[in-house]
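Trainee: The following file, upload.cif, comprises mmCIF, C-alpha atoms:
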```cif
data_coords
#
loop_
_atom_site.label_atom_id
_atom_site.label_comp_id
_atom_site.auth_asym_id
_atom_site.auth_seq_id
_atom_site.Cartn_x
_atom_site.Cartn_y
_atom_site.Cartn_z
CA MET A 1 -8.72 -63.49 100.59
CA ILE A 2 -5.45 -63.23 98.62
CA ILE A 3 -5.35 -66.99 98.23
CA LYS A 4 -8.82 -66.97 96.77
CA VAL A 5 -7.87 -64.24 94.29
CA ILE A 6 -4.80 -66.22 93.21
CA PHE A 7 -6.85 -69.38 92.94
CA ASP A 8 -9.49 -67.63 90.83
CA LEU A 9 -6.79 -66.19 88.65
CA LEU A 10 -5.25 -69.61 88.14
CA LYS A 11 -8.65 -71.03 87.29
CA SER A 12 -9.18 -68.32 84.69
CA VAL A 13 -5.75 -68.87 83.17
CA LEU A 14 -6.33 -72.61 83.09
CA THR A 15 -9.73 -72.16 81.45
CA ILE A 16 -8.37 -69.77 78.81
CA CYS A 17 -5.41 -72.01 78.04
CA THR A 18 -7.67 -75.05 77.83
CA LEU A 19 -9.98 -73.23 75.45
CA LEU A 20 -7.07 -72.06 73.29
CA LEU A 21 -5.67 -75.56 73.15
CA ALA A 22 -9.09 -76.96 72.32
CA VAL A 23 -9.46 -74.42 69.51
CA TRP A 24 -6.01 -75.29 68.21
CA PHE A 25 -6.80 -79.01 68.42
CA LEU A 26 -10.08 -78.61 66.54
CA ASN A 27 -8.40 -76.37 63.99
CA THR A 28 -5.77 -79.01 63.21
CA HIS A 29 -8.63 -81.33 62.20
CA PHE A 30 -11.16 -78.94 60.68
CA ASN A 31 -8.92 -76.07 59.54
CA PHE A 32 -11.23 -73.20 60.61
CA PHE A 33 -8.52 -70.56 60.79
CA GLY A 34 -5.91 -71.81 58.34
CA ASN A 35 -3.08 -74.26 58.70
CA TYR A 36 -0.88 -73.62 61.75
CA GLU A 37 2.17 -75.59 62.85
CA PRO A 38 4.19 -75.13 66.05
CA PHE A 39 7.99 -75.37 66.00
CA LEU A 40 10.53 -75.29 68.80
CA VAL A 41 13.48 -72.99 68.00
CA GLN A 42 16.79 -74.71 68.67
CA SER A 43 19.38 -72.10 67.71
CA GLY A 44 19.85 -68.39 68.00
CA SER A 45 20.27 -66.68 64.65
CA MET A 46 16.92 -64.89 64.97
CA GLU A 47 17.75 -63.39 68.36
CA PRO A 48 16.59 -61.12 69.90
CA ILE A 49 13.21 -61.49 68.14
CA ILE A 50 13.10 -65.25 68.62
CA MET A 51 15.20 -66.80 71.34
CA ILE A 52 16.42 -70.37 71.75
CA GLY A 53 13.68 -72.42 73.43
CA ASP A 54 10.82 -70.33 72.08
CA ILE A 55 7.93 -71.95 70.26
CA VAL A 56 6.93 -70.29 67.01
CA LEU A 57 3.48 -70.75 65.54
CA VAL A 58 3.76 -70.84 61.76
CA GLN A 59 0.89 -70.19 59.38
CA ASP A 60 0.81 -71.31 55.76
CA ARG A 61 0.22 -68.25 53.53
CA PRO A 62 -0.44 -67.92 49.81
CA SER A 63 2.43 -65.45 49.44
CA TYR A 64 5.21 -63.90 51.48
CA ALA A 65 6.80 -60.47 51.62
CA ILE A 66 10.12 -58.93 52.52
CA ASN A 67 10.63 -58.79 56.31
CA ASP A 68 8.38 -61.78 56.95
CA ILE A 69 9.97 -64.33 59.26
CA VAL A 70 9.38 -67.69 57.62
CA THR A 71 10.01 -71.29 58.44
CA PHE A 72 11.30 -73.29 55.49
CA ARG A 73 12.92 -76.58 54.58
CA ASN A 74 16.34 -76.14 53.03
CA GLU A 75 17.76 -78.29 50.23
CA THR A 76 18.85 -80.96 52.72
CA GLY A 77 15.42 -81.08 54.39
CA ARG A 78 16.36 -79.22 57.58
CA VAL A 79 13.71 -76.87 58.96
CA ILE A 80 15.07 -73.33 59.35
CA THR A 81 13.42 -70.10 60.52
CA HIS A 82 14.87 -66.92 59.00
CA ARG A 83 13.70 -63.55 57.70
CA ILE A 84 13.05 -62.82 54.02
CA VAL A 85 15.42 -60.01 53.08
CA ALA A 86 14.96 -59.83 49.32
CA MET A 87 12.94 -61.15 46.44
CA GLU A 88 15.30 -62.60 43.89
CA GLN A 89 14.59 -61.04 40.54
CA LYS A 90 16.64 -63.43 38.46
CA GLN A 91 14.61 -66.48 39.37
CA ASP A 92 10.84 -66.07 39.62
CA GLY A 93 9.35 -66.60 43.04
CA THR A 94 12.49 -67.18 45.05
CA TYR A 95 13.37 -65.47 48.28
CA ALA A 96 16.70 -64.53 49.83
CA THR A 97 16.73 -65.19 53.59
CA LYS A 98 18.94 -64.25 56.50
CA GLY A 99 19.03 -64.75 60.24
CA ASP A 100 18.73 -61.43 62.12
CA ALA A 101 21.79 -62.22 64.20
CA ASN A 102 23.84 -63.40 61.21
CA GLN A 103 26.35 -61.25 59.41
CA ALA A 104 25.59 -62.70 56.02
CA GLY A 105 22.57 -63.98 54.18
CA ASP A 106 21.89 -67.65 53.57
CA SER A 107 23.86 -69.21 50.73
CA ASN A 108 20.88 -70.44 48.77
CA SER A 109 17.65 -68.63 48.06
CA ILE A 110 14.43 -70.56 48.66
CA SER A 111 11.38 -71.21 46.56
CA GLU A 112 7.79 -70.80 47.75
CA GLU A 113 7.37 -74.59 47.83
CA GLN A 114 10.12 -74.82 50.46
CA ILE A 115 8.32 -72.44 52.84
CA VAL A 116 6.26 -74.06 55.59
CA GLY A 117 4.73 -70.76 56.67
CA LYS A 118 5.11 -67.36 58.23
CA VAL A 119 5.85 -66.99 61.94
CA VAL A 120 2.70 -65.36 63.36
CA PHE A 121 3.11 -65.96 67.06
CA THR A 122 5.89 -66.73 69.48
CA ILE A 123 5.48 -68.47 72.82
CA PRO A 124 8.61 -67.73 74.84
CA LYS A 125 10.61 -70.30 76.75
CA LEU A 126 8.42 -73.35 76.41
CA GLY A 127 11.16 -75.47 74.93
CA PHE A 128 11.94 -77.29 78.16
CA ALA A 129 8.28 -78.31 78.37
CA ILE A 130 8.43 -79.77 74.85
CA SER A 131 11.49 -81.80 75.74
CA PHE A 132 9.74 -83.01 78.88
CA ALA A 133 6.48 -83.77 77.04
CA LYS A 134 8.33 -85.88 74.48
CA SER A 135 10.02 -87.94 77.19
CA ARG A 136 8.58 -91.08 78.84
CA TRP A 137 7.80 -89.14 82.04
CA GLY A 138 6.08 -86.46 80.00
CA LEU A 139 3.85 -89.12 78.46
CA ILE A 140 3.02 -90.53 81.89
CA ILE A 141 2.44 -87.22 83.69
CA LEU A 142 0.76 -85.24 80.92
CA LEU A 143 -1.25 -87.97 79.23
CA ILE A 144 -1.61 -91.27 81.07
CA ILE A 145 -2.22 -90.00 84.64
CA PRO A 146 -4.72 -87.28 83.55
CA ALA A 147 -6.50 -89.84 81.34
CA ILE A 148 -6.75 -92.25 84.31
CA PHE A 149 -8.07 -89.45 86.55
CA PHE A 150 -10.56 -88.48 83.87
CA ILE A 151 -11.82 -92.06 83.46
CA LEU A 152 -11.98 -92.66 87.23
CA ASP A 153 -13.87 -89.42 87.72
CA GLU A 154 -16.28 -90.43 84.99
CA LEU A 155 -16.80 -93.87 86.60
CA LEU A 156 -17.41 -92.28 90.00
CA LYS A 157 -19.92 -89.93 88.41
CA LEU A 158 -21.77 -92.87 86.83
CA LYS A 159 -21.74 -94.69 90.17
CA ARG A 160 -23.13 -91.63 91.95
CA ASN A 161 -25.90 -91.31 89.34
CA ALA A 162 -26.73 -95.00 89.72
CA ASN A 163 -26.91 -94.66 93.51
CA ALA A 164 -29.14 -91.59 93.15
CA VAL A 165 -31.52 -93.53 90.86
CA ASP A 166 -31.64 -96.42 93.38
CA MET B 1 -13.68 -83.14 91.23
CA LEU B 2 -14.60 -80.70 88.50
CA TRP B 3 -11.14 -79.18 88.73
CA ILE B 4 -9.47 -82.50 88.42
CA ARG B 5 -11.38 -83.04 85.18
CA ARG B 6 -10.38 -79.58 83.92
CA ILE B 7 -6.72 -80.11 84.77
CA ALA B 8 -6.85 -83.53 83.13
CA ILE B 9 -8.34 -82.12 79.93
CA PHE B 10 -5.80 -79.30 79.94
CA SER B 11 -2.91 -81.75 80.43
CA ILE B 12 -4.08 -84.00 77.62
CA LEU B 13 -4.53 -81.06 75.22
CA LEU B 14 -1.15 -79.68 76.25
CA TYR B 15 0.45 -83.03 75.58
CA LEU B 16 -1.16 -83.17 72.14
CA PHE B 17 0.11 -79.68 71.36
CA PHE B 18 3.64 -80.44 72.51
CA SER B 19 3.79 -83.79 70.76
CA GLN B 20 2.89 -82.14 67.47
CA THR B 21 5.52 -79.43 67.81
CA GLY B 22 8.36 -79.82 65.35
CA TYR B 23 11.89 -78.46 65.59
CA THR B 24 13.35 -75.58 63.67
CA ASP B 25 16.90 -74.30 63.49
CA ALA B 26 17.80 -70.70 63.13
CA ASP B 27 21.25 -71.35 61.79
CA MET B 28 24.08 -69.20 63.05
CA PHE B 29 25.81 -68.28 59.86
CA ALA B 30 28.64 -65.88 59.22
CA GLU B 31 30.41 -65.57 55.93
CA ARG B 32 32.77 -63.04 54.51
CA VAL B 33 33.35 -62.97 50.79
CA VAL B 34 36.79 -61.90 49.65
CA ALA B 35 36.60 -61.10 45.98
CA ARG B 36 39.23 -61.28 43.28
CA ASN B 37 41.48 -63.93 44.76
CA ALA B 38 44.42 -65.06 42.73
CA PHE B 39 46.05 -68.39 43.29
CA SER B 40 49.22 -69.55 41.65
CA GLY B 41 50.67 -73.01 41.63
CA LEU B 42 54.37 -73.71 41.73
CA ALA B 43 55.38 -76.72 39.76
CA LEU B 44 58.09 -78.68 41.49
CA ASN B 45 58.79 -81.28 38.94
CA PHE B 46 61.82 -83.16 37.75
CA SER B 47 62.65 -86.40 36.03
CA VAL B 48 65.43 -88.91 36.17
CA ARG B 49 66.45 -89.99 32.71
CA SER B 50 68.75 -92.43 31.06
CA SER B 51 72.19 -90.96 30.38
CA LEU B 52 72.18 -92.85 27.10
CA ASN B 53 69.18 -91.38 25.31
CA ASN B 54 67.33 -89.11 27.78
CA ASN B 55 64.42 -91.52 28.04
CA LEU B 56 62.62 -91.61 31.35
CA ALA B 57 64.47 -94.06 33.60
CA THR B 58 62.75 -96.62 35.76
CA LYS B 59 65.59 -99.09 36.20
CA LEU B 60 69.33 -98.82 36.50
CA PHE B 61 71.11 -101.98 37.67
CA GLN B 62 69.71 -105.35 36.61
CA LEU B 63 72.71 -107.54 37.33
CA ALA B 64 73.01 -111.29 37.50
CA ASP B 65 76.01 -113.44 38.39
CA LEU B 66 77.90 -110.75 40.24
CA GLN B 67 81.19 -112.23 41.43
CA PRO B 68 83.57 -111.03 44.17
CA GLY B 69 85.57 -108.13 42.76
CA GLY B 70 82.93 -107.61 40.08
CA PHE B 71 81.30 -104.27 39.44
CA ASP B 72 79.04 -102.47 37.02
CA LEU B 73 78.43 -98.90 35.99
CA GLY B 74 75.23 -96.98 35.41
CA ALA B 75 74.44 -93.34 34.79
CA LEU B 76 71.41 -91.10 35.21
CA LYS B 77 70.51 -87.51 34.44
CA VAL B 78 68.41 -85.44 36.82
CA LYS B 79 66.46 -82.91 34.82
CA ALA B 80 64.29 -80.03 36.02
CA GLU B 81 60.98 -80.11 34.17
CA ALA B 82 59.44 -76.95 35.58
CA GLY B 83 62.31 -74.66 34.68
CA ARG B 84 62.57 -73.63 38.30
CA GLU B 85 65.23 -74.61 40.76
CA PHE B 86 64.41 -77.21 43.35
CA ARG B 87 66.21 -79.28 45.94
CA TYR B 88 66.20 -83.00 46.07
CA GLN B 89 67.62 -85.85 48.01
CA LEU B 90 68.84 -89.13 46.61
CA ARG B 91 68.57 -92.17 48.87
CA VAL B 92 68.64 -95.92 48.66
CA ASN B 93 65.66 -97.93 49.89
CA LYS B 94 65.97 -101.64 50.42
CA LEU B 95 63.08 -103.61 48.96
CA GLY B 96 64.10 -107.17 49.69
CA GLY B 97 66.73 -109.85 49.36
CA ASP B 98 69.48 -111.28 51.47
CA GLU B 99 70.49 -109.03 54.32
CA ALA B 100 74.20 -109.95 54.33
CA PHE B 101 74.50 -109.73 50.54
CA CYS B 102 72.76 -106.35 50.45
CA ASN B 103 75.00 -105.04 53.20
CA SER B 104 78.10 -106.23 51.39
CA LEU B 105 77.38 -104.22 48.25
CA GLN B 106 79.45 -101.10 47.78
CA LEU B 107 78.54 -97.98 45.86
CA LYS B 108 80.51 -95.15 44.36
CA VAL B 109 78.77 -92.11 42.91
CA GLY B 110 80.44 -89.45 40.84
CA ASP B 111 79.58 -86.67 38.45
CA ARG B 112 80.16 -86.75 34.71
CA ALA B 113 83.80 -85.79 35.18
CA LEU B 114 84.02 -88.78 37.53
CA SER B 115 84.70 -86.62 40.55
CA GLU B 116 83.68 -88.70 43.53
CA LEU B 117 80.55 -87.60 45.39
CA TYR B 118 80.12 -90.71 47.51
CA ALA B 119 81.97 -93.94 48.28
CA GLY B 120 80.77 -96.45 50.81
CA ALA B 121 78.18 -99.05 51.65
CA LEU B 122 75.22 -99.07 49.27
CA PHE B 123 72.61 -98.63 51.97
CA ASN B 124 74.40 -95.74 53.67
CA PHE B 125 74.16 -93.67 50.53
CA SER B 126 72.44 -90.31 50.74
CA LEU B 127 73.07 -87.25 48.63
CA SER B 128 71.33 -83.89 48.59
CA GLY B 129 71.49 -81.40 45.82
CA ALA B 130 69.78 -78.70 43.87
CA SER B 131 68.67 -78.84 40.28
CA GLY B 132 70.90 -75.93 39.36
CA GLU B 133 74.07 -77.70 40.42
CA VAL B 134 75.73 -79.02 37.33
CA ALA B 135 77.66 -81.67 39.26
CA LEU B 136 74.47 -83.32 40.42
CA GLY B 137 72.68 -83.11 37.08
CA GLU B 138 74.54 -86.11 35.69
CA LEU B 139 75.40 -88.96 38.01
CA VAL B 140 77.52 -92.03 37.48
CA PHE B 141 76.96 -95.01 39.76
CA LEU B 142 79.37 -97.88 40.33
CA VAL B 143 78.13 -100.83 42.31
CA SER B 144 80.51 -103.57 43.37
CA LEU B 145 80.90 -106.67 45.47
CA ASP B 146 84.22 -106.56 47.23
CA GLU B 147 83.80 -109.44 49.68
CA GLN B 148 84.51 -113.08 48.93
CA ASN B 149 82.46 -114.70 51.66
CA GLU B 150 80.91 -117.94 50.46
CA THR B 151 77.70 -117.18 52.27
CA LEU B 152 77.09 -114.45 49.69
CA LYS B 153 76.78 -116.93 46.80
CA ASN B 154 73.52 -117.05 44.83
CA LYS B 155 71.87 -114.24 46.71
CA THR B 156 69.78 -111.34 45.49
CA CYS B 157 69.29 -107.77 46.58
CA GLU B 158 66.44 -105.51 45.47
CA PHE B 159 66.56 -101.80 46.09
CA ASN B 160 65.44 -98.41 44.84
CA PHE B 161 67.24 -95.20 44.22
CA SER B 162 64.77 -92.61 45.46
CA PHE B 163 64.95 -89.10 44.03
CA LYS B 164 62.68 -86.88 46.12
CA THR B 165 62.26 -83.12 46.12
CA TYR B 166 61.93 -81.18 49.36
CA ARG B 167 61.18 -77.66 50.46
CA ASP B 168 63.12 -76.99 53.66
CA SER B 169 64.56 -80.24 54.95
CA PRO B 170 65.17 -83.63 53.30
CA ASP B 171 63.52 -85.30 56.29
CA GLU B 172 60.30 -83.28 56.23
CA VAL B 173 57.05 -85.21 56.02
CA GLY B 174 54.09 -83.98 53.97
CA GLY B 175 53.85 -80.89 51.84
CA ILE B 176 54.15 -80.96 48.09
CA PHE B 177 56.91 -83.11 46.69
CA VAL B 178 57.82 -85.24 43.73
CA GLU B 179 59.47 -88.61 44.05
CA GLN B 180 60.87 -90.82 41.35
CA LEU B 181 62.05 -94.34 42.08
CA ILE B 182 64.69 -96.17 40.06
CA ARG B 183 64.48 -99.89 40.57
CA ASN B 184 67.54 -102.12 40.88
CA SER B 185 68.07 -105.85 41.20
CA ILE B 186 71.44 -107.50 41.77
CA SER B 187 72.09 -111.24 42.04
CA SER B 188 75.35 -112.87 42.97
CA GLY B 189 76.69 -115.91 41.14
CA ASP B 190 78.48 -119.04 42.25
CA TRP B 191 82.20 -119.10 42.91
#
```
Kindly return the structure encoded in the file as structure tokens.
Mentor:
Amino acid sequence: MIIKVIFDLLKSVLTICTLLLAVWFLNTHFNFFGNYEPFLVQSGSMEPIIMIGDIVLVQDRPSYAINDIVTFRNETGRVITHRIVAMEQKQDGTYATKGDANQAGDSNSISEEQIVGKVVFTIPKLGFAISFAKSRWGLIILLIIPAIFFILDELLKLKRNANAVD
Amino acid sequence: MLWIRRIAIFSILLYLFFSQTGYTDADMFAERVVARNAFSGLALNFSVRSSLNNNLATKLFQLADLQPGGFDLGALKVKAEAGREFRYQLRVNKLGGDEAFCNSLQLKVGDRALSELYAGALFNFSLSGASGEVALGELVFLVSLDEQNETLKNKTCEFNFSFKTYRDSPDEVGGIFVEQLIRNSISSGDW
């Protein structure tokens, strides 16, 4: 009885996750809900809000406000996620940023063009899975083997249908 | 088999999601600004000049046809340019030439009153002083060949007098220092 409950629960979780991923995948192509990008956080200056190994989902917005956590590209092209702490008045449309765990703000303020988007969702501790997925074994286990199973299952289904017709 | 298909679809979508995930840093950054700093530089400068006309000296002895018993005199002034006292060491550096001839050259160094500060082999010479010491401000050099060995005929010896400032020890390496080199060339004749 307990095993069945757990199994049903796992099925539900799997179905929901599959649906969410399908929605995300469709959205990347058809942009139903705006432009979202996932990023893996590699360092800890936004702790405890965002921990190392978390995935942040970043949404492109037309404007940003103080206290928004934003992902931006700095002047050297590195992607950084920090909080907007002030709107610079001297230069139009620039933002001063700072990591929550840092004592001081970032040296250079950023323009709106440098901002990739606002952090709207955080998935904790999935970093290891990203590293695995981007490895050769991740490709084999998460993509090639499931694709082979899918194709084989489809072929078996066709064969069964053909036998049923005969 | 339906569940295999579902897991397969989930895995493929998960892979697509992960493969499109970028990386972001959240730079650890700590900075403390200390305002109103004042830095001052200490000039530690001097020059070695000709005793004749106070022009900057680059050469002292340019001797040819030095014979046994022969000698020559030269003089230099060490002048503080920064108006602040400093310490310096005067050494001889061999640049080239015949080993035996170079080693046979003798040097005497004295102050303007000709009080002897050094007498001995040229390449053993070393003298330390401070810019405020009058005796070391004006130096008279006497270089001589006292030996008559025939193997010393038609030889040359190239060397520098090195005037170098120091802070704590003449042998210290690094730090801020000033060095001025006075070039010398001595050739023996035939006898």
Trainee: Counting only C-alpha atoms, figure out which residue out of A:Gln59, A:Gln103, A:Asn108, A:Thr15 gets nearest to Thr28 (chain A).
Mentor: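 Closest to Thr28 (chain A), using only C-alpha atoms: A:Gln59.
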Trainee: Write out as a PyMOL selection string every residue belonging to chain A that has an atom at most 7 Å from any atom of chain B, counting all atoms listed in the file.
Mentor: chain A and resi 18+21-22+38-46+79-82+99+102-104+130+133-134+142-143+146-147+149-150
Trainee: In Å to one decimal, how far is CA of Lys153 (chain B) from CA of Val92 (chain B)?
Mentor: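 If I compute the distance from CA of Val92 (chain B) to CA of Lys153 (chain B), I get 22.6 Å.
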Trainee: Would you mind telling me which residue in A:Asn27, A:Thr94, A:Val119, A:Ile3 lies nearest to Val58 (chain A) when using only C-alpha atoms?
Mentor: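 Between A:Asn27, A:Thr94, A:Val119, A:Ile3, the residue approaching Val58 (chain A) most closely is A:Val119.
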Trainee: Kindly indicate which residue among B:Ser169, B:Lys108, B:Asn55, B:Cys102 lies nearest to Val78 (chain B), using only C-alpha atoms for the distances.
Mentor: B:Asn55
Trainee: Please compute the CA of Phe72 (chain A)-CA of Leu139 (chain A) distance, one decimal, in Å.
Mentor: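 Between these atoms lies a distance of 28.9 Å.
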Trainee: Between CA of Ser50 (chain B) and CA of Leu122 (chain B), what distance in Å does the model show, to one decimal?
Mentor: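 Separating CA of Ser50 (chain B) from CA of Leu122 (chain B) is a distance of 20.4 Å.
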Trainee: Would you list the contacts of Leu52 (chain B) as an MDAnalysis selection string, taking every protein, DNA or RNA residue within 12 Å and counting all atoms listed in the file, but skipping same-chain residues closer than 4 positions in sequence?
Mentor: chainID B and resid 48 56:57 60 74:77 138 140
Trainee: Decode the PyMOL selection byres ((chain A and resi 61) around 12) for the given file into explicit residues and return them as a list in words.
Mentor: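 Applied to this file, the PyMOL selection byres ((chain A and resi 61) around 12) returns Phe33, Gly34, Asn35, Tyr36, Val58, Gln59, Asp60, Pro62, Ser63, Tyr64, Ala65, Asp68, Ile69, Val70, Thr71, Glu112, Glu113, Ile115, Val116, Gly117, Lys118, Val119 and Val120 of chain A.
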Trainee: Counting all atoms listed in the file, what is within 7 Å of Tyr166 (chain B), bar same-chain residues fewer than 5 positions away, as a PyMOL selection string?
Mentor: chain B and resi 87-88+177
Trainee: Would you output that residue set with C-alpha atoms, as a compact mmCIF listing (two decimals), in the frame of the given file?
Mentor:
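Result saved to selection.txt:
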```
# COMPACT_ATOMS: atom_id res chain seq x y z
CA ARG B 87 66.21 -79.28 45.94
CA TYR B 88 66.20 -83.00 46.07
CA PHE B 177 56.91 -83.11 46.69
```
Trainee: What residues come out when you apply the PyMOL selection byres ((chain A and resi 55) around 9) to this file, written as a PDB file with C-alpha atoms, in the coordinates of the input?
Mentor:
```
ATOM      1  CA  PRO A  38       4.190 -75.130  66.050  1.00  0.00           C
ATOM      2  CA  PHE A  39       7.990 -75.370  66.000  1.00  0.00           C
ATOM      3  CA  LEU A  40      10.530 -75.290  68.800  1.00  0.00           C
ATOM      4  CA  VAL A  41      13.480 -72.990  68.000  1.00  0.00           C
ATOM      5  CA  ILE A  50      13.100 -65.250  68.620  1.00  0.00           C
ATOM      6  CA  MET A  51      15.200 -66.800  71.340  1.00  0.00           C
ATOM      7  CA  ILE A  52      16.420 -70.370  71.750  1.00  0.00           C
ATOM      8  CA  GLY A  53      13.680 -72.420  73.430  1.00  0.00           C
ATOM      9  CA  ASP A  54      10.820 -70.330  72.080  1.00  0.00           C
ATOM     10  CA  VAL A  56       6.930 -70.290  67.010  1.00  0.00           C
ATOM     11  CA  LEU A  57       3.480 -70.750  65.540  1.00  0.00           C
ATOM     12  CA  PHE A 121       3.110 -65.960  67.060  1.00  0.00           C
ATOM     13  CA  THR A 122       5.890 -66.730  69.480  1.00  0.00           C
ATOM     14  CA  ILE A 123       5.480 -68.470  72.820  1.00  0.00           C
ATOM     15  CA  PRO A 124       8.610 -67.730  74.840  1.00  0.00           C
ATOM     16  CA  LYS A 125      10.610 -70.300  76.750  1.00  0.00           C
ATOM     17  CA  LEU A 126       8.420 -73.350  76.410  1.00  0.00           C
ATOM     18  CA  GLY A 127      11.160 -75.470  74.930  1.00  0.00           C
TER      19      GLY A 127
ATOM     20  CA  THR B  21       5.520 -79.430  67.810  1.00  0.00           C
ATOM     21  CA  TYR B  23      11.890 -78.460  65.590  1.00  0.00           C
TER      22      TYR B  23
END
```
Trainee: I want to know what sits within 12 Å of Asn67 (chain A), based on only C-alpha atoms, with residues of the same chain fewer than 4 positions away left out; could you give that as a list in words?
Mentor: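 Contacts, with the query itself left out: His82, Arg83, Ile84, Val85, Ala86, Met87, Tyr95, Ala96, Thr97, Lys98, Gly99, Asp100, Lys118 and Val119 of chain A.
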Trainee: Selection in question (the file shown): the PyMOL selection byres ((chain B and resi 121) around 12). Which residues does it include, as a list in words?
Mentor: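 Residues picked by the PyMOL selection byres ((chain B and resi 121) around 12): Val92, Ala100, Phe101, Cys102, Asn103, Ser104, Leu105, Gln106, Leu107, Lys108, Val109, Tyr118, Ala119, Gly120, Leu122, Phe123, Asn124, Phe125, Ser126, Leu142, Val143, Ser144, Leu145, Asp146 and Glu147 of chain B.
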